[in-house]
file coords_35.tsv (TSV, C-alpha atoms)
chain	number	residue	atom	x	y	z
A	1	MET	CA	12.40	8.48	9.73
A	2	LYS	CA	11.80	10.84	6.84
A	3	ARG	CA	8.43	11.94	5.54
A	4	SER	CA	9.27	10.65	2.04
A	5	VAL	CA	9.18	7.05	3.30
A	6	LEU	CA	5.61	7.53	4.53
A	7	THR	CA	4.59	9.42	1.39
A	8	ARG	CA	5.85	6.65	-0.91
A	9	TYR	CA	3.94	4.09	1.15
A	10	ARG	CA	0.73	6.15	1.09
A	11	VAL	CA	0.83	6.65	-2.68
A	12	MET	CA	1.48	2.99	-3.38
A	13	ALA	CA	-1.21	1.89	-0.91
A	14	TYR	CA	-3.82	3.97	-2.73
A	15	VAL	CA	-2.59	3.01	-6.21
A	16	THR	CA	-2.53	-0.69	-5.33
A	17	ALA	CA	-5.99	-0.55	-3.76
A	18	VAL	CA	-7.50	1.23	-6.75
A	19	MET	CA	-5.84	-1.15	-9.19
A	20	LEU	CA	-7.13	-4.13	-7.21
A	21	MET	CA	-10.67	-2.77	-7.37
A	22	ILE	CA	-10.32	-2.21	-11.12
A	23	LEU	CA	-8.99	-5.76	-11.45
A	24	CYS	CA	-12.01	-7.11	-9.56
A	25	VAL	CA	-14.36	-5.30	-11.94
A	26	CYS	CA	-12.42	-6.66	-14.92
A	27	MET	CA	-12.67	-10.18	-13.50
A	28	VAL	CA	-16.44	-9.83	-13.17
A	29	PHE	CA	-16.68	-8.81	-16.82
A	30	LYS	CA	-14.29	-11.55	-17.93
A	31	TYR	CA	-15.94	-14.43	-16.09
A	32	GLY	CA	-19.48	-13.08	-15.73
A	33	PHE	CA	-20.04	-11.62	-19.17
A	34	ASP	CA	-17.26	-13.33	-21.16
A	35	THR	CA	-15.78	-10.01	-22.35
A	36	GLY	CA	-12.61	-8.04	-21.74
A	37	GLU	CA	-10.10	-10.86	-21.52
A	38	SER	CA	-7.23	-8.79	-22.93
A	39	LEU	CA	-8.05	-5.83	-20.66
A	40	THR	CA	-8.18	-8.13	-17.63
A	41	PHE	CA	-4.77	-9.53	-18.57
A	42	ALA	CA	-3.25	-6.06	-18.90
A	43	VAL	CA	-4.77	-4.82	-15.63
A	44	SER	CA	-3.63	-7.96	-13.78
A	45	GLN	CA	-0.07	-7.53	-15.02
A	46	LEU	CA	0.00	-3.86	-14.07
A	47	HIS	CA	-1.48	-4.58	-10.65
A	48	GLY	CA	1.13	-7.30	-10.09
A	49	VAL	CA	4.02	-4.94	-10.78
A	50	LEU	CA	2.50	-2.18	-8.66
A	51	PHE	CA	1.83	-4.63	-5.83
A	52	ILE	CA	5.50	-5.66	-5.79
A	53	ILE	CA	6.49	-1.98	-5.52
A	54	TYR	CA	3.93	-1.59	-2.71
A	55	LEU	CA	5.48	-4.55	-0.88
A	56	VAL	CA	8.94	-2.99	-1.11
A	57	PHE	CA	7.74	0.40	0.20
A	58	ALA	CA	5.62	-1.16	2.96
A	59	PHE	CA	8.52	-3.36	4.07
A	60	ASP	CA	10.83	-0.33	4.08
A	61	LEU	CA	8.37	1.63	6.21
A	62	GLY	CA	7.82	-1.31	8.57
A	63	SER	CA	11.52	-1.88	9.09
A	64	LYS	CA	12.15	1.80	9.79
A	65	ALA	CA	9.15	1.99	12.16
A	66	LYS	CA	10.37	-1.23	13.85
A	67	TRP	CA	7.03	-3.03	13.54
A	68	PRO	CA	6.65	-6.55	14.88
A	69	VAL	CA	6.46	-9.27	12.23
A	70	GLY	CA	2.70	-9.78	12.66
A	71	LYS	CA	1.90	-6.12	12.02
A	72	LEU	CA	4.23	-6.02	9.03
A	73	LEU	CA	2.56	-9.10	7.55
A	74	TRP	CA	-0.91	-7.58	8.05
A	75	VAL	CA	0.16	-4.39	6.22
A	76	LEU	CA	1.70	-6.42	3.42
A	77	VAL	CA	-1.36	-8.67	3.04
A	78	SER	CA	-3.77	-5.72	3.08
A	79	GLY	CA	-2.81	-5.03	-0.52
A	80	THR	CA	-4.45	-8.30	-1.54
A	81	ILE	CA	-7.87	-7.62	0.02
A	82	PRO	CA	-10.06	-5.21	-1.96
A	83	THR	CA	-10.53	-1.90	-0.07
A	84	ALA	CA	-8.50	-3.10	2.96
A	85	ALA	CA	-5.49	-1.02	1.97
A	86	PHE	CA	-7.54	2.18	2.33
A	87	PHE	CA	-8.32	1.42	5.97
A	88	VAL	CA	-4.91	0.01	6.86
A	89	GLU	CA	-3.19	3.00	5.24
A	90	ARG	CA	-5.11	5.44	7.46
A	91	LYS	CA	-4.21	3.52	10.60
A	92	VAL	CA	-0.56	3.23	9.59
A	93	VAL	CA	-0.28	6.96	8.88
A	94	ARG	CA	-1.77	7.84	12.28
A	95	GLU	CA	0.73	5.56	14.01
A	96	VAL	CA	3.82	6.53	12.02
A	97	GLU	CA	3.42	10.31	11.70
A	98	PRO	CA	4.66	10.99	15.26
A	99	LEU	CA	7.87	9.08	14.39
A	100	ILE	CA	8.72	11.36	11.46
A	101	THR	CA	11.62	13.74	11.70
A	102	ASP	CA	12.06	16.34	8.99
A	103	GLY	CA	15.83	16.17	9.23
A	104	ALA	CA	16.13	19.61	10.84
A	105	ALA	CA	18.85	19.91	13.43
A	106	GLN	CA	17.48	19.95	16.96
A	107	PRO	CA	19.34	22.05	19.55
A	108	VAL	CA	20.75	19.96	22.36
A	109	LYS	CA	19.99	21.09	25.89
A	110	ALA	CA	22.86	20.70	28.28
call {"tool": "encode", "arguments": {"input": "coords_35.tsv", "output": "structure tokens"}}
result
Amino acid sequence: MKRSVLTRYRVMAYVTAVMLMILCVCMVFKYGFDTGESLTFAVSQLHGVLFIIYLVFAFDLGSKAKWPVGKLLWVLVSGTIPTAAFFVERKVVREVEPLITDGAAQPVKA
């Protein structure tokens, strides 16, 4: 597995988590203070698109790391729980980093 697969996942995990937190704040202002409806709509649309990209990158990483279905589902769902993606991303990186090959040719011992 290449490092770029993990890097794409990490970036999208952070971006999705931050956008979800921003969306939560917007929802509080929209429903709690009756302001910011158009901003909430824009943030929700942006978060939706970014979440779909996150799902694609997380699925790609999971398939290359050969995760069981349950683990893959947990990683995919973590993007829907505010702040969960930060913690799941750290755990995923620790588990996947030993699987990364930089593509350099390894000498074969005979």
call {"tool": "closest_residue", "arguments": {"input": "coords_35.tsv", "among": "A:His47, A:Ala58, A:Val5, A:Cys24", "to": "Val88 of chain A", "atoms": "only C-alpha atoms"}}
result
A:Ala58
call {"tool": "atom_distance", "arguments": {"input": "coords_35.tsv", "atom1": "atom CA of Thr83 of chain A", "atom2": "atom CA of Met21 of chain A"}}
result
7.4 Å
call {"tool": "closest_residue", "arguments": {"input": "coords_35.tsv", "among": "A:Ile52, A:Leu6, A:Ser44, A:Ala85", "to": "Leu23 of chain A", "atoms": "all atoms listed in the file"}}
result
A:Ser44
call {"tool": "residues_near_point", "arguments": {"input": "coords_35.tsv", "point": "(2.5, -2.9, -8.4)", "cutoff": "10 Å", "atoms": "only C-alpha atoms", "output": "compact mmCIF listing (two decimals) with C-alpha atoms, in the frame of the given file"}}
result
# COMPACT_ATOMS: atom_id res chain seq x y z
CA MET A 12 1.48 2.99 -3.38
CA ALA A 13 -1.21 1.89 -0.91
CA VAL A 15 -2.59 3.01 -6.21
CA THR A 16 -2.53 -0.69 -5.33
CA ALA A 17 -5.99 -0.55 -3.76
CA MET A 19 -5.84 -1.15 -9.19
CA LEU A 20 -7.13 -4.13 -7.21
CA SER A 44 -3.63 -7.96 -13.78
CA GLN A 45 -0.07 -7.53 -15.02
CA LEU A 46 0.00 -3.86 -14.07
CA HIS A 47 -1.48 -4.58 -10.65
CA GLY A 48 1.13 -7.30 -10.09
CA VAL A 49 4.02 -4.94 -10.78
CA LEU A 50 2.50 -2.18 -8.66
CA PHE A 51 1.83 -4.63 -5.83
CA ILE A 52 5.50 -5.66 -5.79
CA ILE A 53 6.49 -1.98 -5.52
CA TYR A 54 3.93 -1.59 -2.71
CA LEU A 55 5.48 -4.55 -0.88
CA VAL A 56 8.94 -2.99 -1.11
CA GLY A 79 -2.81 -5.03 -0.52
call {"tool": "atom_distance", "arguments": {"input": "coords_35.tsv", "atom1": "atom CA of Lys66 of chain A", "atom2": "atom CA of Thr7 of chain A"}}
result
17.4 Å
call {"tool": "atom_distance", "arguments": {"input": "coords_35.tsv", "atom1": "atom CA of Glu37 of chain A", "atom2": "atom CA of Ala84 of chain A"}}
result
25.7 Å
call {"tool": "closest_residue", "arguments": {"input": "coords_35.tsv", "among": "A:Val92, A:Ala65, A:Ile22, A:Val75", "to": "Lys2 of chain A", "atoms": "all atoms listed in the file"}}
result
A:Ala65
call {"tool": "closest_residue", "arguments": {"input": "coords_35.tsv", "among": "A:Pro68, A:Val18, A:Met27, A:Pro98", "to": "Phe41 of chain A", "atoms": "only C-alpha atoms"}}
result
A:Met27
call {"tool": "closest_residue", "arguments": {"input": "coords_35.tsv", "among": "A:Ser4, A:Val43, A:Thr80, A:Tyr9", "to": "Phe59 of chain A", "atoms": "all atoms listed in the file"}}
result
A:Tyr9
call {"tool": "closest_residue", "arguments": {"input": "coords_35.tsv", "among": "A:Leu61, A:Leu99, A:Val25, A:Leu72", "to": "Arg8 of chain A", "atoms": "all atoms listed in the file"}}
result
A:Leu61
call {"tool": "residues_near_point", "arguments": {"input": "coords_35.tsv", "point": "(-12.2, -7.2, -16.9)", "cutoff": "6 Å", "atoms": "all atoms listed in the file", "output": "list in words"}}
result
Val25, Cys26, Met27, Phe29, Lys30, Gly36, Leu39 and Thr40 of chain A
